[in-house]
Structure formats: C-alpha cells, structure tokens
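Right, one structure below, let's go through it.
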Amino acid sequence: MALVSRRLRRPRAWPGAPRRAILAGVTREELLAAAEPRWRALRERRAELGGAVDMQRVLVTRGLDLGAALDRQPLPVAPRPAGALAARLAGGEPVGLDEGVEVDAALLGPYLLGFCDDLAAGGAGAPARHLREVLERGEIDVGSLLAASLGRRQAAIRTRAVHVGVSPDLTWVVAEMAVGPLACRLRQHVLAEADPDPERAAADAGSELAAALRSWGRGYCPACGSWPALAELGAGDPGDGDPGDRGADDRGADGAGDGDADRADAGRRLRCSFCGAGWPCAPGACIYCGAGGEGLLAAAGAGEAQRAELCRSCGGYLKCVAGGAPAPFELLPVIDLETSDLDAGAMERGYGRPSMREADAPAPPCPPAGEADNPPPG
Ligand SMILES: [Zn+2]
Ligand SMILES: [Zn+2]
C-alpha cells in the first residue's frame with residue numbers, strides 16, 4: 001500500500017465520531033464460518049453455480065479485509081445536523097452518504113484494484129484486466145470514481161467508463177465493492193441517532209430523525225438512495241442487521257423495536273446491499289412505482305422461503321426471502337446469490353430491476369418506459 005501515492009490527504013475525523021467497529025462482537029472468521037455452509041449447500045443444490053460461489057468467497061473475504069482496515073481508521077466524516085437529515089427524509093430524499101466525506105483513495109485504491117484482479121481470475125478475464133490498467137494509468141481517477149460511487153452517481157460513472165472504453169457495468173460493480181464497506185460504516189454513523197438497536201435507541205426513540213426514518217416507507221434506501229437488493233419477510237425485528245449491532249446469530253428476532261410503525265411494517269424489510277440499511281416498507285405495492293392490486297404478481301422460488309414480486313405496471317421485480325433476524329451486511333451478497341434463480345426466473349418473464357435512481361430524479365422514481373432492464377411483458 002505504501003507504493004500507492006496519496007492523492008487525497010488523510011481525512012480528518014469528526015472529533016466526536018464513534019469508531020464502533022462494525023465487526024464488534026462478530027469476527028471476520030465468524031462471518032466466513034456463517035457463509036461457508038451456505039456456499040456449500042448452494043453448490044450442492046446448484047452445481048452450475050460452483051464458479052460463482054468460489055468467486056464470491058474471494059470477494060467477500062477481500063471485503064471483510066477492507067472493512068477491518070477501515071475500522072482501524074477514523075471515519076472520514078463531518079458532522080451533520082440531525083434536523084436537516086430528518087427534513088431531507090421527510091421530503092423523500094435519502095440523507096446521502098457522501099456529503100462532507102473525503103474518500104481515502106490511498107486506503108481504498110488497492111482494494112479496488114484487488115477486486116479487478118479477483119474478477120479477472122474468476123472469469124471476468126480481459127475486461128477486468130483492462131479496467132485495472134485504465135485505473136492504474138489514471139484514465140479514470142480512483143478518488144473520483146470512489147466518490148462518485150459513494151454518491152451513487154451511476155450515470156457519471158457509466159459515461160466515464162464508456163469514454164475510456166471499459167465496461168460500465170464492471171466499473172460500477174468494482175467501485176461498489178470497494179466503497180460498500182465504507183458506505184455501511186457511514187450509514188451507521190449518519191443515522192446513529194435513529195439507531196434501531198433497542199439498547200441505544202431508547203434515549204433517541206422520540207427524536208426527529210428516528211421518526212423520519214420510521215415513516216420513510218419508500219422503495220429506495222433512506223441512506224444512499226439505492227434500490228434494495230431484496231426484502232426480508234417476517235423478520236419482525238427492526239434491527240438493521242449489522243453484526244456490530246446484533247451479531248450473526250439469530251438473537252434479536254424478539255420483535256423488540258423502537259416504535260409502533262416498525263412493528264406494523266415488520267412483515268417486510270427492504271435491504272440495501274450497498275450500505276446495509278434495512279427499512280420497513282408496507283407490502284401490497286410495488287416498491288418502484290407504487291402500483292398495487294392485480295398488477296402485482298408473485299413468483300415462487302425454490303421452496304416456500306423465497307419468492308419474487310413482479311410488477312406488471314413498471315416491469316420491476318423484487319426478491320423476497322423469509323428469515324428471522326436481519327442478515328449481516330457482509331452476508332447480503334450470499335443471499336443474493338442463493339436467490340439468483342429468482343432473478344433468472346423474473347428476467348425470463350421479461351422483468352428487470354430499474355437502474356440507479358439519480359439524485360435529482362423525481363420521487364417516486366418509477367422507471368420511465370424502456371428504462372427498466374427488461375420491459376414488462378405484453
Ligand atoms: Zn443504501
Ligand atoms: Zn412497479
């Protein structure tokens with residue numbers, strides 16, 4: 001890492017910033033130990049995913065190493081008044097995770113290149129190697145790329161990638177993996193006042209920010225604005241699933257919450273795989289366009305524990321998995337892979353997931369016709 005020049009000065013920590021290790025109580029080894037039997041079972045159930053499982057093990061491990069490196073540093077964040085954050089949420093805008101944050105490219109850059117190497121070795125081949133070369137040559141500035149990813153500026157990243165001749169999808173994904181662990185820690189910090197952990201939330205249960213978060217109810221992430229990777233059904237637990245908050249075991253599925261609104265919506269919790277946020281969202285309506293009723297179909301997955309919600313109005317789909325406690329942030333990719341048959345089934349039927357909601361897009365961000373990855377059938 002010493003070979004990498006420091007493009008950005010080391011960010012100053014907010015003096016009062018808590019340095020709560022996200023792995024507090026749950027070690028890297030425990031998380032890997034929790035993932036391993038799931039990877040084994042998935043490989044047994046779907047032999048064709050063997051390569052994807054191997055690749056994910058490498059990527060998740062690197063992500064955990066990155067998280068541990070971040071936990072040794074002060075969080076590069078400036079204070080933000082809770083009232084202003086609450087006002088943003090009330091207006092339908094996510095609080096955003098990049099404001100006042102200096103992304104440490106010297107720390108994250110080597111991981112960004114490492115993810116390129118992992119993908120190149122794991123089957124992405126020449127496009128991943130090419131992306132690495134472009135990053136090393138500075139044709140895409142690493143600091144700018146990471147900052148754009150943290151700000152979820154997908155159009156800007158895609159435009160730059162196309163301009164220099166690398167895969168826009170690959171660039172987006174690699175940057176996301178390198179920034180996600182930071183996003184998770186920033187989200188915990190920024191929304192700390194609205195922390196759903198019952199022990200800590202007691203003092204803040206009546207705060208404006210906590211109330212705004214409880215009544216968010218939108219399809220996109222209140223922290224970063226991403227669409228959720230999936231919904232956890234019947235979690236019955238308003239915790240956000242971070243291992244630092246409640247551990248990798250199933251403790252926490254006790255329904256203890258920080259408000260009645262959470263309890264009312266505990267049946268469906270949306271999860272953001274970029275920043276790890278979890279938020280309640282009432283069932284019965286499409287999370288993308290709000291359509292409900294007969295326009296919303298359910299497609300069963302493998303067993304009763306999985307299904308996809310398909311929206312005939314906008315062509316979007318949402319994966320839903322039954323579960324107890326919210327999954328730790330680091331294991332969300334594992335669930336995503338476990339449920340990849342739902343993606344395949346939905347896409348076969350012509351459904352897709354909308355692209356990233358841009359910050360200046362009107363809310364609710366129903367994808368314009370033709371913008372969903374696949375148009376709705378018929
Ligand atoms: Zn998020
Ligand atoms: Zn819809």
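Here, A, B, ... name the chains of the structure tokens in the order displayed, residue numbers run from 1 inside each chain, and ligands are numbered from 1 in the same displayed order.
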
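The residues of region 307-349 of chain A that DSSP assigns to strand (DSSP E) on this backbone come out as Arg307, Ala308, Glu309, Leu310, Cys311, Tyr317, Leu318, Lys319, Cys320, Val321 and Ala322 of chain A.
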
Report as a tab-separated table the residues of chain A within 7 Å of ligand 1, each with its shortest atom pair and distance in Å (one decimal), using only C-alpha atoms and all ligand atoms, ordered by chain and increasing residue number.
residue	atom	partner	partner_atom_place_in_ligand_line	distance
A:Cys221	CA	ligand 1	1 (Zn)	4.7
A:Pro222	CA	ligand 1	1 (Zn)	6.7
A:Ala223	CA	ligand 1	1 (Zn)	5.0
A:Cys224	CA	ligand 1	1 (Zn)	4.1
A:Gly225	CA	ligand 1	1 (Zn)	5.8
A:Ser226	CA	ligand 1	1 (Zn)	5.3
A:Cys272	CA	ligand 1	1 (Zn)	4.6
A:Ser273	CA	ligand 1	1 (Zn)	6.7
A:Phe274	CA	ligand 1	1 (Zn)	5.3
A:Cys275	CA	ligand 1	1 (Zn)	4.2
A:Gly276	CA	ligand 1	1 (Zn)	6.0
A:Ala277	CA	ligand 1	1 (Zn)	5.3

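Neighbours of ligand 2 at a cut-off of 6 Å, computed so that only C-alpha atoms and all ligand atoms are counted, are the residues A:Cys286, A:Tyr288, A:Cys289, A:Gly290, A:Ala291, A:Cys311, A:Ser313, A:Cys314, A:Gly316.
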
Please produce a file of the residues just selected, as a compact mmCIF listing (two decimals), in the first residue's frame, where the atoms kept are C-alpha atoms.
# COMPACT_ATOMS: atom_id res chain seq x y z
CA CYS A 286 -44.60 -2.13 -5.99
CA TYR A 288 -40.56 1.04 -7.67
CA CYS A 289 -43.76 2.62 -8.94
CA GLY A 290 -46.30 2.17 -6.15
CA ALA A 291 -48.71 0.12 -8.24
CA CYS A 311 -44.92 -5.58 -11.17
CA SER A 313 -47.03 -1.72 -14.32
CA CYS A 314 -43.33 -0.89 -14.43
CA GLY A 316 -39.76 -4.30 -11.97

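Shortest separation to Thr159 (chain A) among A:Ala147, A:Val95, A:Ile140, A:Leu209 occurs at residue A:Ile140, atoms counted being only C-alpha atoms.
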